[in-house]
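Listing of run04.txt; format and content: compact mmCIF, C-alpha atoms and all ligand atoms.
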```
# COMPACT_ATOMS: atom_id res chain seq x y z
CA MET A 1 204.74 34.96 -28.02
CA LEU A 2 201.88 37.36 -27.59
CA TYR A 3 202.40 37.33 -23.80
CA THR A 4 206.14 37.91 -24.12
CA LEU A 5 205.62 40.90 -26.40
CA ASN A 6 202.79 42.28 -24.24
CA ASP A 7 204.93 41.93 -21.09
CA ALA A 8 207.66 43.94 -22.80
CA GLY A 9 205.13 46.71 -23.40
CA TYR A 10 204.27 46.05 -27.04
CA GLN A 11 201.01 45.36 -28.78
CA ALA A 12 200.88 41.93 -30.39
CA PHE A 13 198.29 40.03 -32.38
CA ILE A 14 197.91 36.83 -34.31
CA VAL A 15 196.73 37.88 -37.72
CA GLY A 16 196.10 36.58 -41.20
CA GLY A 17 195.49 33.03 -42.28
CA ALA A 18 195.84 31.54 -38.79
CA VAL A 19 192.93 33.53 -37.32
CA ARG A 20 190.87 32.96 -40.44
CA ASP A 21 191.51 29.22 -40.47
CA LEU A 22 190.87 28.79 -36.75
CA LEU A 23 187.52 30.57 -37.11
CA LEU A 24 186.74 28.16 -39.94
CA GLU A 25 187.77 25.27 -37.68
CA LYS A 26 190.67 24.40 -39.95
CA THR A 27 194.23 23.80 -38.80
CA PRO A 28 196.36 26.82 -39.63
CA LYS A 29 199.35 26.19 -41.89
CA ASP A 30 201.47 28.76 -40.08
CA PHE A 31 201.14 31.59 -37.60
CA ASP A 32 201.78 35.24 -38.27
CA VAL A 33 202.14 37.84 -35.55
CA ALA A 34 201.76 41.59 -36.01
CA THR A 35 203.19 44.00 -33.48
CA ASP A 36 204.15 47.64 -32.94
CA ALA A 37 207.66 46.55 -31.92
CA THR A 38 210.32 47.09 -34.59
CA PRO A 39 212.17 44.03 -35.94
CA GLU A 40 215.15 44.89 -33.70
CA GLN A 41 212.91 45.16 -30.64
CA VAL A 42 211.25 41.83 -31.47
CA LYS A 43 214.62 40.16 -31.94
CA ALA A 44 215.73 41.38 -28.52
CA GLU A 45 212.83 39.58 -26.82
CA PHE A 46 213.49 36.08 -28.16
CA ARG A 47 216.48 33.84 -28.02
CA ARG A 48 215.96 32.17 -31.38
CA ALA A 49 215.04 35.06 -33.64
CA ARG A 50 216.45 36.47 -36.83
CA ILE A 51 215.57 39.35 -39.08
CA ILE A 52 214.99 38.38 -42.70
CA GLY A 53 213.69 39.86 -45.91
CA ARG A 54 214.39 42.85 -48.01
CA ARG A 55 211.06 43.68 -49.57
CA PHE A 56 209.53 43.27 -46.11
CA ARG A 57 211.77 43.05 -43.08
CA ILE A 58 210.26 40.53 -40.72
CA VAL A 59 211.48 38.45 -37.81
CA HIS A 60 211.46 34.68 -37.80
CA VAL A 61 211.08 33.45 -34.25
CA THR A 62 211.60 29.74 -33.68
CA MET A 63 209.43 28.17 -30.98
CA GLY A 64 209.81 24.45 -30.62
CA ARG A 65 209.55 23.14 -34.16
CA GLU A 66 207.44 26.07 -35.32
CA ILE A 67 208.74 29.20 -37.04
CA ILE A 68 206.54 32.19 -36.39
CA GLU A 69 206.69 35.22 -38.63
CA VAL A 70 206.54 38.49 -36.78
CA SER A 71 205.96 41.67 -38.73
CA THR A 72 205.88 45.22 -37.52
CA PHE A 73 202.72 47.22 -38.29
CA ARG A 74 203.18 48.78 -41.69
CA SER A 75 201.32 51.41 -43.60
CA SER A 76 200.75 50.84 -47.28
CA ASN A 77 201.87 54.43 -47.80
CA THR A 78 200.60 54.75 -51.35
CA ASP A 79 201.61 58.37 -51.88
CA SER A 80 205.31 57.72 -51.50
CA LEU A 81 207.94 57.96 -54.24
CA GLN A 82 207.07 57.44 -57.87
CA ILE A 83 210.01 56.16 -59.82
CA LYS A 84 210.45 56.02 -63.55
CA GLY A 85 211.06 52.69 -65.19
CA GLU A 86 210.28 49.34 -63.59
CA ARG A 87 213.76 47.93 -64.00
CA LEU A 88 215.54 50.95 -62.65
CA ALA A 89 213.16 51.07 -59.75
CA ARG A 90 213.81 47.47 -58.83
CA ASN A 91 217.48 48.22 -58.30
CA ILE A 92 217.05 51.05 -55.89
CA ARG A 93 217.88 49.90 -52.41
CA HIS A 94 218.41 52.93 -50.24
CA ILE A 95 214.86 54.01 -49.60
CA ASP A 96 212.40 52.28 -47.34
CA SER A 97 209.36 52.37 -49.51
CA ALA A 98 209.12 52.51 -53.25
CA HIS A 99 206.49 52.28 -55.91
CA SER A 100 207.05 51.79 -59.60
CA ASN A 101 205.27 54.08 -62.02
CA SER A 102 202.56 51.47 -62.54
CA GLY A 103 201.78 51.77 -58.83
CA MET A 104 203.49 48.54 -57.84
CA ILE A 105 204.98 48.36 -54.36
CA LEU A 106 208.69 47.64 -54.64
CA ARG A 107 209.57 47.83 -51.02
CA ASP A 108 207.44 48.48 -48.04
CA ASN A 109 209.14 49.07 -44.72
CA VAL A 110 207.35 52.15 -43.56
CA TYR A 111 206.14 51.36 -40.07
CA GLY A 112 202.62 52.33 -39.13
CA THR A 113 199.79 51.94 -36.68
CA LEU A 114 197.48 48.98 -36.24
CA GLU A 115 194.82 50.74 -38.34
CA GLU A 116 197.32 51.27 -41.13
CA ASP A 117 198.44 47.67 -40.90
CA VAL A 118 194.84 46.60 -41.49
CA ASP A 119 194.68 48.62 -44.69
CA ARG A 120 197.74 47.10 -46.26
CA ARG A 121 196.41 43.52 -45.93
CA ASP A 122 194.73 41.93 -48.88
CA PHE A 123 191.32 40.44 -48.03
CA THR A 124 188.99 41.33 -45.17
CA VAL A 125 189.06 37.75 -43.82
CA ASN A 126 192.86 38.03 -43.64
CA ALA A 127 192.71 41.17 -41.51
CA LEU A 128 191.33 39.79 -38.27
CA TYR A 129 193.60 40.49 -35.28
CA TYR A 130 193.51 38.19 -32.28
CA THR A 131 194.84 39.43 -28.95
CA VAL A 132 195.27 37.73 -25.58
CA GLN A 133 194.30 41.00 -23.88
CA ASN A 134 190.67 40.07 -23.19
CA PHE A 135 190.95 37.38 -25.87
CA LEU A 136 189.35 39.45 -28.55
CA VAL A 137 189.36 39.40 -32.31
CA HIS A 138 189.63 42.95 -33.63
CA ASP A 139 187.77 43.42 -36.89
CA TYR A 140 188.07 46.80 -38.61
CA VAL A 141 186.93 45.80 -42.09
CA ASN A 142 183.91 43.58 -41.55
CA GLY A 143 186.01 40.46 -42.02
CA MET A 144 183.82 38.39 -39.66
CA GLU A 145 180.78 39.01 -41.81
CA ASP A 146 182.66 38.08 -45.00
CA LEU A 147 183.90 34.95 -43.27
CA LYS A 148 180.28 34.00 -42.53
CA GLN A 149 179.33 34.81 -46.13
CA ARG A 150 182.32 32.77 -47.23
CA GLN A 151 183.64 35.42 -49.55
CA LEU A 152 186.99 37.02 -50.30
CA LYS A 153 186.67 40.74 -50.46
CA MET A 154 189.59 43.03 -51.16
CA ILE A 155 190.27 45.78 -48.63
CA GLY A 156 190.18 49.16 -50.42
CA ASP A 157 189.95 49.61 -54.17
CA PRO A 158 190.56 46.19 -55.76
CA GLU A 159 192.05 47.51 -58.97
CA GLN A 160 194.55 49.70 -57.12
CA ARG A 161 195.43 46.87 -54.73
CA TYR A 162 196.15 44.47 -57.62
CA ARG A 163 198.26 47.13 -59.29
CA GLU A 164 200.27 47.63 -56.10
CA ASP A 165 200.95 43.91 -55.91
CA PRO A 166 199.78 41.70 -58.79
CA VAL A 167 200.55 38.58 -56.73
CA ARG A 168 197.26 39.36 -54.96
CA ILE A 169 195.61 38.02 -58.12
CA LEU A 170 197.16 34.63 -57.44
CA ARG A 171 196.32 34.88 -53.75
CA ALA A 172 192.65 35.53 -54.54
CA LEU A 173 192.42 32.48 -56.78
CA ARG A 174 194.45 30.27 -54.47
CA LEU A 175 192.57 31.17 -51.30
CA SER A 176 189.16 30.90 -52.95
CA ALA A 177 190.04 27.38 -54.12
CA LYS A 178 191.49 26.44 -50.75
CA LEU A 179 188.69 27.83 -48.59
CA LYS A 180 185.88 27.19 -51.11
CA PHE A 181 185.04 30.89 -50.84
CA ASP A 182 183.52 33.04 -53.56
CA ILE A 183 185.47 36.02 -54.76
CA GLU A 184 183.25 39.04 -54.21
CA ALA A 185 182.19 40.59 -57.54
CA ASN A 186 184.19 43.83 -57.32
CA THR A 187 187.22 41.88 -56.16
CA ALA A 188 186.91 39.42 -59.05
CA ALA A 189 186.23 41.94 -61.82
CA PRO A 190 189.77 43.37 -62.30
CA ILE A 191 191.48 39.97 -62.27
CA LYS A 192 191.19 39.22 -65.97
CA PRO A 193 192.09 42.72 -67.21
CA LEU A 194 195.07 43.03 -64.84
CA ALA A 195 196.47 39.51 -65.01
CA HIS A 196 199.14 40.66 -67.47
CA LEU A 197 200.78 42.58 -64.60
CA LEU A 198 202.05 39.23 -63.34
CA GLU A 199 204.68 39.51 -66.05
CA LEU A 200 206.30 42.26 -63.96
CA ILE A 201 206.74 40.10 -60.89
CA PRO A 202 210.29 38.87 -60.27
CA ALA A 203 210.55 35.28 -61.47
CA ALA A 204 211.85 34.04 -58.12
CA ARG A 205 208.84 35.36 -56.22
CA LEU A 206 206.53 33.72 -58.74
CA PHE A 207 208.19 30.37 -58.15
CA ASP A 208 207.39 30.64 -54.43
CA GLU A 209 203.79 31.41 -55.31
CA ILE A 210 203.62 28.46 -57.70
CA LEU A 211 204.58 26.14 -54.87
CA LYS A 212 201.71 27.55 -52.80
CA LEU A 213 199.30 27.34 -55.72
CA PHE A 214 199.98 23.75 -56.62
CA PHE A 215 201.39 21.98 -53.58
CA THR A 216 198.91 22.64 -50.83
CA GLY A 217 196.29 20.11 -51.82
CA ASN A 218 193.91 22.06 -54.06
CA SER A 219 195.92 22.25 -57.23
CA LEU A 220 193.23 21.04 -59.63
CA GLU A 221 190.68 23.61 -58.52
CA THR A 222 193.32 26.32 -58.41
CA TYR A 223 194.47 25.44 -61.91
CA GLN A 224 190.90 25.47 -63.24
CA SER A 225 190.32 28.84 -61.63
CA LEU A 226 193.59 30.19 -63.10
CA CYS A 227 192.38 29.06 -66.54
CA ARG A 228 188.86 30.44 -66.08
CA HIS A 229 190.24 33.85 -65.14
CA GLU A 230 192.79 33.72 -67.97
CA VAL A 231 195.68 33.96 -65.56
CA PHE A 232 197.40 30.64 -66.29
CA LYS A 233 198.73 31.93 -69.59
CA TYR A 234 200.89 34.46 -67.75
CA LEU A 235 202.45 31.68 -65.70
CA PHE A 236 202.97 28.94 -68.29
CA PRO A 237 202.50 30.60 -71.68
CA ALA A 238 203.97 27.74 -73.71
CA SER A 239 201.64 25.15 -72.14
CA VAL A 240 198.48 27.17 -72.57
CA ALA A 241 198.77 27.29 -76.34
CA GLU A 242 198.89 23.48 -76.41
CA VAL A 243 196.26 22.86 -73.76
CA GLU A 244 193.77 25.01 -75.61
CA THR A 245 194.19 23.22 -78.90
CA ASN A 246 194.98 19.65 -77.89
CA PRO A 247 192.54 17.76 -75.62
CA ALA A 248 195.17 15.16 -74.69
CA ALA A 249 197.42 17.92 -73.34
CA GLY A 250 194.57 19.26 -71.23
CA LYS A 251 193.88 15.79 -69.92
CA LEU A 252 197.52 15.27 -68.96
CA LEU A 253 197.50 18.42 -66.84
CA ASP A 254 194.16 17.52 -65.21
CA LEU A 255 195.46 14.07 -64.31
CA ALA A 256 198.75 15.44 -62.99
CA PHE A 257 197.00 17.94 -60.72
CA THR A 258 194.51 15.31 -59.57
CA SER A 259 197.24 12.89 -58.60
CA THR A 260 199.24 15.63 -56.84
CA ASP A 261 196.20 16.49 -54.72
CA ARG A 262 195.54 12.84 -54.00
CA ARG A 263 199.10 12.25 -52.85
CA ILE A 264 198.94 15.28 -50.55
CA ALA A 265 195.63 14.07 -49.12
CA GLU A 266 197.27 10.70 -48.44
CA LEU A 267 200.22 12.51 -46.77
CA LYS A 268 202.57 11.12 -49.41
CA SER A 269 205.52 13.13 -50.63
CA VAL A 270 205.16 15.16 -53.80
CA ASN A 271 208.00 16.17 -56.02
CA PRO A 272 207.44 19.55 -57.68
CA ALA A 273 209.66 18.40 -60.56
CA PHE A 274 207.12 15.76 -61.56
CA LEU A 275 204.19 18.16 -61.73
CA LEU A 276 206.23 20.85 -63.46
CA ALA A 277 207.42 18.24 -65.96
CA ALA A 278 203.77 17.41 -66.64
CA ILE A 279 202.68 21.03 -66.96
CA LEU A 280 205.38 21.69 -69.54
CA TRP A 281 205.18 18.31 -71.30
CA PRO A 282 202.80 19.50 -74.04
CA ALA A 283 205.13 22.39 -74.87
CA LEU A 284 208.08 20.02 -74.81
CA GLN A 285 206.36 17.59 -77.17
CA LYS A 286 205.71 20.34 -79.64
CA GLU A 287 209.33 21.41 -79.62
CA TYR A 288 210.55 17.81 -79.78
CA HIS A 289 208.46 16.99 -82.82
CA ARG A 290 209.56 20.17 -84.51
CA ASN A 291 213.17 19.12 -83.95
CA LEU A 292 212.48 15.60 -85.24
CA SER A 293 210.99 16.92 -88.41
CA GLY A 294 214.13 19.03 -88.77
CA LYS A 295 215.93 15.63 -89.00
CA MET A 296 217.54 15.69 -85.56
CA PRO A 297 218.13 12.24 -84.01
CA PRO A 298 215.56 11.59 -81.22
CA MET A 299 217.94 11.97 -78.26
CA VAL A 300 219.36 15.21 -79.61
CA ALA A 301 215.89 16.46 -80.45
CA MET A 302 214.74 15.71 -76.93
CA HIS A 303 217.78 17.25 -75.30
CA GLN A 304 217.48 20.42 -77.34
CA ALA A 305 213.75 20.62 -76.59
CA THR A 306 214.26 20.29 -72.83
CA GLN A 307 216.84 23.09 -72.94
CA SER A 308 214.65 25.42 -74.90
CA VAL A 309 211.42 24.79 -72.95
CA ILE A 310 213.15 25.32 -69.62
CA SER A 311 215.05 28.39 -70.67
CA ASN A 312 211.87 30.01 -72.02
CA GLN A 313 209.91 29.12 -68.92
CA ILE A 314 212.41 30.50 -66.41
CA ASN A 315 212.01 33.97 -67.90
CA GLN A 316 208.61 33.91 -66.26
CA ILE A 317 209.04 31.60 -63.28
CA ALA A 318 212.47 30.90 -61.85
CA ILE A 319 212.61 27.13 -61.47
CA PRO A 320 215.57 26.31 -59.24
CA LYS A 321 218.09 23.80 -60.58
CA ARG A 322 217.14 21.27 -57.95
CA PHE A 323 213.81 20.99 -59.77
CA SER A 324 214.74 21.73 -63.36
CA ILE A 325 217.43 19.03 -63.44
CA PRO A 326 215.06 16.24 -62.38
CA MET A 327 212.44 17.63 -64.78
CA ARG A 328 214.86 17.16 -67.65
CA GLU A 329 215.75 13.70 -66.46
CA ILE A 330 212.10 12.68 -66.32
CA TRP A 331 211.63 13.93 -69.88
CA GLU A 332 214.77 12.37 -71.30
CA PHE A 333 213.91 9.11 -69.57
CA GLN A 334 210.74 8.95 -71.63
CA LEU A 335 212.95 8.02 -74.56
CA ARG A 336 215.39 5.94 -72.57
CA LEU A 337 212.64 3.76 -71.13
CA GLY A 338 211.93 2.70 -74.69
CA LYS A 339 215.36 1.07 -74.81
CA ARG A 340 214.39 -2.01 -72.88
CA ARG A 341 217.65 -3.89 -73.33
CA ARG A 342 219.16 -1.47 -70.82
CA ALA A 343 216.33 -2.19 -68.42
CA LYS A 344 218.48 -3.48 -65.55
CA ALA A 345 220.54 -0.33 -65.37
CA LEU A 346 217.58 1.97 -65.86
CA VAL A 347 215.46 0.41 -63.15
CA SER A 348 218.03 1.24 -60.49
CA HIS A 349 218.47 4.85 -61.61
CA LYS A 350 217.32 7.38 -59.03
CA ARG A 351 214.95 9.00 -61.53
CA PHE A 352 213.42 5.71 -62.68
CA ARG A 353 210.39 5.80 -60.42
CA ALA A 354 209.33 9.30 -61.41
CA ALA A 355 209.95 8.58 -65.09
CA TYR A 356 207.94 5.34 -64.90
CA ASP A 357 205.07 7.14 -63.16
CA PHE A 358 205.26 9.69 -65.94
CA VAL A 359 204.87 6.94 -68.56
CA LEU A 360 201.78 5.71 -66.72
CA LEU A 361 200.42 9.24 -66.63
CA ARG A 362 200.87 9.61 -70.38
CA GLU A 363 199.15 6.29 -70.97
CA GLN A 364 196.23 7.38 -68.82
CA THR A 365 195.63 10.25 -71.21
CA GLY A 366 195.12 7.68 -73.96
CA GLU A 367 198.56 8.00 -75.54
CA ASP A 368 199.51 4.69 -77.16
CA LEU A 369 202.98 3.72 -75.97
CA GLN A 370 202.51 0.11 -77.08
CA GLY A 371 202.34 -1.38 -73.64
CA LEU A 372 205.46 0.36 -72.33
CA GLY A 373 203.98 1.04 -68.88
CA GLN A 374 202.80 -2.54 -68.44
CA TRP A 375 206.16 -3.89 -69.58
CA TRP A 376 207.95 -1.86 -66.91
CA THR A 377 205.36 -2.80 -64.31
CA ASP A 378 206.03 -6.47 -65.10
CA PHE A 379 209.77 -5.97 -65.21
CA GLN A 380 209.83 -4.46 -61.74
CA ALA A 381 207.75 -7.28 -60.33
CA ALA A 382 209.83 -9.98 -62.04
CA ASP A 383 212.62 -11.99 -60.42
CA ASP A 384 216.06 -12.25 -62.07
CA GLU A 385 215.19 -15.24 -64.19
CA GLN A 386 211.95 -13.72 -65.41
CA ARG A 387 213.75 -10.49 -66.18
CA GLU A 388 216.26 -12.42 -68.29
CA GLN A 389 213.38 -13.98 -70.19
CA MET A 390 211.72 -10.64 -70.71
CA LEU A 391 214.93 -9.20 -72.08
CA ASN A 392 215.67 -12.16 -74.34
CA GLY A 393 212.12 -12.19 -75.61
CA ASN A 394 212.55 -8.54 -76.15
CA ARG A 395 215.74 -8.87 -78.14
CA LYS A 396 213.66 -10.42 -80.90
CA GLY A 397 211.19 -7.64 -80.41
CA ASN A 398 213.95 -5.09 -80.83
CA GLN A 399 215.15 -6.69 -84.02
CA HIS A 400 211.65 -6.54 -85.26
CA SER A 401 211.31 -2.92 -84.33
CA LYS A 402 214.50 -1.92 -86.12
CA SER A 403 212.86 -1.84 -89.48
CA SER A 404 209.83 -0.11 -88.12
CA LYS A 405 212.11 2.44 -86.49
CA ARG A 406 213.17 3.62 -89.89
CA ARG A 407 209.57 4.14 -90.78
CA VAL A 408 209.01 6.02 -87.54
CA LYS A 409 211.90 8.33 -88.25
CA SER A 410 210.57 9.38 -91.56
CA SER A 411 207.12 10.05 -90.19
CA GLY A 412 208.73 11.81 -87.24
CA LYS A 413 205.75 11.02 -85.08
CA ARG A 414 206.47 8.17 -82.75
CA GLU A 415 209.23 7.92 -80.20
CA SER A 416 212.13 5.65 -80.94
CA GLY A 417 213.05 2.39 -79.36
CA SER A 418 209.63 1.23 -78.26
P1 LIG A 501 197.94 30.55 -45.97
O1 LIG A 501 196.85 29.78 -45.36
O2 LIG A 501 198.26 30.10 -47.31
O3 LIG A 501 199.14 30.73 -45.09
P2 LIG A 501 197.68 33.38 -45.48
O4 LIG A 501 196.54 34.31 -45.74
O5 LIG A 501 198.07 33.15 -44.07
O6 LIG A 501 197.30 32.02 -46.19
P3 LIG A 501 200.39 34.24 -45.82
O7 LIG A 501 201.20 34.28 -47.07
O8 LIG A 501 200.81 33.36 -44.71
O9 LIG A 501 198.92 33.86 -46.31
O10 LIG A 501 200.25 35.74 -45.34
C1 LIG A 501 199.81 36.09 -44.04
C2 LIG A 501 198.98 37.37 -44.10
O11 LIG A 501 199.75 38.45 -44.62
C3 LIG A 501 197.76 37.32 -45.00
O12 LIG A 501 196.65 36.74 -44.36
C4 LIG A 501 197.53 38.78 -45.33
O13 LIG A 501 196.92 39.44 -44.25
C5 LIG A 501 198.93 39.29 -45.43
N1 LIG A 501 199.46 39.23 -46.82
C6 LIG A 501 200.23 38.25 -47.35
N2 LIG A 501 200.54 38.51 -48.62
C7 LIG A 501 199.97 39.70 -48.92
C8 LIG A 501 199.94 40.55 -50.07
N3 LIG A 501 200.55 40.18 -51.20
N4 LIG A 501 199.25 41.71 -49.98
C9 LIG A 501 198.63 42.07 -48.84
N5 LIG A 501 198.62 41.33 -47.74
C10 LIG A 501 199.27 40.16 -47.76
MG MG A 502 199.75 32.06 -43.37
```

Reformat the file's structure so that it appears as structure tokens.
Amino acid sequence: MLYTLNDAGYQAFIVGGAVRDLLLEKTPKDFDVATDATPEQVKAEFRRARIIGRRFRIVHVTMGREIIEVSTFRSSNTDSLQIKGERLARNIRHIDSAHSNSGMILRDNVYGTLEEDVDRRDFTVNALYYTVQNFLVHDYVNGMEDLKQRQLKMIGDPEQRYREDPVRILRALRLSAKLKFDIEANTAAPIKPLAHLLELIPAARLFDEILKLFFTGNSLETYQSLCRHEVFKYLFPASVAEVETNPAAGKLLDLAFTSTDRRIAELKSVNPAFLLAAILWPALQKEYHRNLSGKMPPMVAMHQATQSVISNQINQIAIPKRFSIPMREIWEFQLRLGKRRRAKALVSHKRFRAAYDFVLLREQTGEDLQGLGQWWTDFQAADDEQREQMLNGNRKGNQHSKSSKRRVKSSGKRESGS
């Protein structure tokens, strides 16, 4: 790509995480190219290229199975328009660069020089430009030295840079966990005081960031860092209240992050719905028990709680339906799995596996589900005849539990049907 662009008379560099990771002898996740060609000019040079993005217009060029992001040099252009009112500002579409009155960049398509492009990047180690002309890495901000020191240092004034784009707070914590880099003191200092600015970020963009925070193999460390810097509460406010007061809730999240990282390390698939269901489980439990003590039947109480927890959460982070629907199913299954006489139907449900794993996760935190996980483990391993026996044996068990169910209802503590 660099040769093609150079041959057409443009400057072109690999920049960002790919250069950084290669220098650290890691395999880059993706490649970004920076050039002085405009998106239209880039598109003209490649057969499989399309211009995307509104906040930033970039070109996606497909090469083999790889998609390479090509962006035109931009200036950060901080003295451009000031607009009153965040919400109003977000709706303005006809200008190429816009800042809100808190200094946040709303759109940023003002093209610039290479030097200006350097200044709009976040950390010095992310602003190394590799060129095939003499095979050099251009370093204008002492990024090589910071790479050797293993530190993330913000380019420019950290406070102003976080104000321009509060997502940089998440990037600092994510990259320091991923690279095992320190965050340089001046870069770290404004994080806590400015974390509240994350509330201004559009919920859809935050969801994309959440995927990067928690599904690239370092979720536990990232989560711990988010808590240490008091940032997590701006992402999952309802969970934080529970995690801080209830050790079992904290343990559930730790275990969920640990197992997500382990699965990624083993190259197994991870379903964001499962982890998100775990993160919000403590908040859900609280709501569920509140509903139960308001005399709602368990299924209704659970259903209402899932609705309310999700609808509160998506104000902050837009969870797409393809994840929120399975999250609800996993939660509602926690009650359904207690109804063992329906075991045969449940076990073949597409959400069974995730829901069963979720039961095991809860049991690992020390929650007493009266052997529910083991029962389902045995049931899955059993042949038809053994399953019949388990269910018949269980029928007695169910009769026995009927009277205890009444007791449970009045205490409102335990889940039904177990
Ligand atoms: P990863 O390894 O996760 O891909 P990355 O640093 O490459 O990390 P990308 O999101 O791929 O992250 O971004 C590529 C580059 O674009 C960054 O290295 C940085 O130079 C620049 N960049 C991305 N997001 C921002 C931002 N919010 N503010 C400033 N620069 C950014
Ligand atoms: Mg990258």

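Considering all atoms listed in the file, the residues that reside within 6 Å of ligand LIG 501 (chain A) can be listed as Gly16, Gly17, Ala18, Lys29, Asp30, Arg120, Arg121, Asp122, Asn126, Ala127, Val167 and Arg168 of chain A.
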
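Neighbours of ligand MG 502 (chain A) at a cut-off of 12 Å, computed so that only C-alpha atoms and all ligand atoms are counted, are the residues Ile14, Val15, Gly16, Gly17, Ala18, Val19, Arg20, Asp21, Leu22, Thr27, Pro28, Lys29, Asp30, Phe31, Asp32, Val33, Ile67, Ile68, Glu69, Val70, Asn126, Ala127, Arg171, Leu175 and Lys212 of chain A.
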
- To one decimal in Å, tell me the separation between CA of Ser269 in chain A and CA of Ser239 in chain A. 24.9 Å

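Going from CA of Arg351 in chain A to CA of Leu284 in chain A covers 18.6 Å.
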
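Rounded to one decimal, CA of Asp368 in chain A and CA of Arg387 in chain A lie 23.5 Å from each other.
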
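Of the listed residues (A:Arg54, A:Arg205, A:Lys148, A:Arg340), A:Arg205 comes nearest to Asp165 in chain A; the distances count all atoms listed in the file.
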
Just want the 10 Å neighbourhood of Lys251 in chain A, counted on all atoms listed in the file, with same-chain residues fewer than 2 positions away dropped. Output as a PDB file with C-alpha atoms, in the frame of the given file.
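So out24.pdb came out as:
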```pdb
ATOM      1  CA  VAL A 243     196.260  22.860 -73.760  1.00  0.00           C
ATOM      2  CA  ASN A 246     194.980  19.650 -77.890  1.00  0.00           C
ATOM      3  CA  PRO A 247     192.540  17.760 -75.620  1.00  0.00           C
ATOM      4  CA  ALA A 248     195.170  15.160 -74.690  1.00  0.00           C
ATOM      5  CA  ALA A 249     197.420  17.920 -73.340  1.00  0.00           C
ATOM      6  CA  LEU A 253     197.500  18.420 -66.840  1.00  0.00           C
ATOM      7  CA  ASP A 254     194.160  17.520 -65.210  1.00  0.00           C
ATOM      8  CA  LEU A 255     195.460  14.070 -64.310  1.00  0.00           C
ATOM      9  CA  ALA A 256     198.750  15.440 -62.990  1.00  0.00           C
ATOM     10  CA  PHE A 257     197.000  17.940 -60.720  1.00  0.00           C
ATOM     11  CA  LEU A 361     200.420   9.240 -66.630  1.00  0.00           C
ATOM     12  CA  ARG A 362     200.870   9.610 -70.380  1.00  0.00           C
ATOM     13  CA  GLN A 364     196.230   7.380 -68.820  1.00  0.00           C
ATOM     14  CA  THR A 365     195.630  10.250 -71.210  1.00  0.00           C
ATOM     15  CA  GLY A 366     195.120   7.680 -73.960  1.00  0.00           C
TER      16      GLY A 366
END
```

Because the input lacks atoms here, generate N, CA, C and O atoms for range 221-230 of chain A and report them as a tab-separated table (two decimals), in the frame of the given file.
```tsv
chain	number	residue	atom	x	y	z
A	221	GLU	N	191.62	22.48	-58.55
A	221	GLU	CA	190.68	23.61	-58.52
A	221	GLU	C	191.38	24.93	-58.78
A	221	GLU	O	190.86	25.82	-59.45
A	222	THR	N	192.58	25.08	-58.20
A	222	THR	CA	193.32	26.32	-58.41
A	222	THR	C	193.67	26.49	-59.88
A	222	THR	O	193.49	27.56	-60.46
A	223	TYR	N	194.11	25.40	-60.49
A	223	TYR	CA	194.47	25.44	-61.91
A	223	TYR	C	193.24	25.81	-62.76
A	223	TYR	O	193.31	26.66	-63.65
A	224	GLN	N	192.10	25.17	-62.45
A	224	GLN	CA	190.90	25.47	-63.24
A	224	GLN	C	190.50	26.93	-63.09
A	224	GLN	O	190.09	27.59	-64.05
A	225	SER	N	190.65	27.44	-61.86
A	225	SER	CA	190.32	28.84	-61.63
A	225	SER	C	191.31	29.77	-62.37
A	225	SER	O	190.92	30.78	-62.94
A	226	LEU	N	192.59	29.40	-62.36
A	226	LEU	CA	193.59	30.19	-63.10
A	226	LEU	C	193.25	30.22	-64.59
A	226	LEU	O	193.42	31.24	-65.25
A	227	CYS	N	192.75	29.10	-65.11
A	227	CYS	CA	192.38	29.06	-66.54
A	227	CYS	C	191.13	29.90	-66.78
A	227	CYS	O	191.08	30.69	-67.72
A	228	ARG	N	190.13	29.71	-65.91
A	228	ARG	CA	188.86	30.44	-66.08
A	228	ARG	C	189.09	31.95	-66.08
A	228	ARG	O	188.46	32.69	-66.83
A	229	HIS	N	189.98	32.41	-65.23
A	229	HIS	CA	190.24	33.85	-65.14
A	229	HIS	C	191.34	34.31	-66.09
A	229	HIS	O	191.83	35.43	-65.99
A	230	GLU	N	191.76	33.41	-66.97
A	230	GLU	CA	192.79	33.72	-67.97
A	230	GLU	C	194.08	34.24	-67.34
A	230	GLU	O	194.69	35.20	-67.80
```
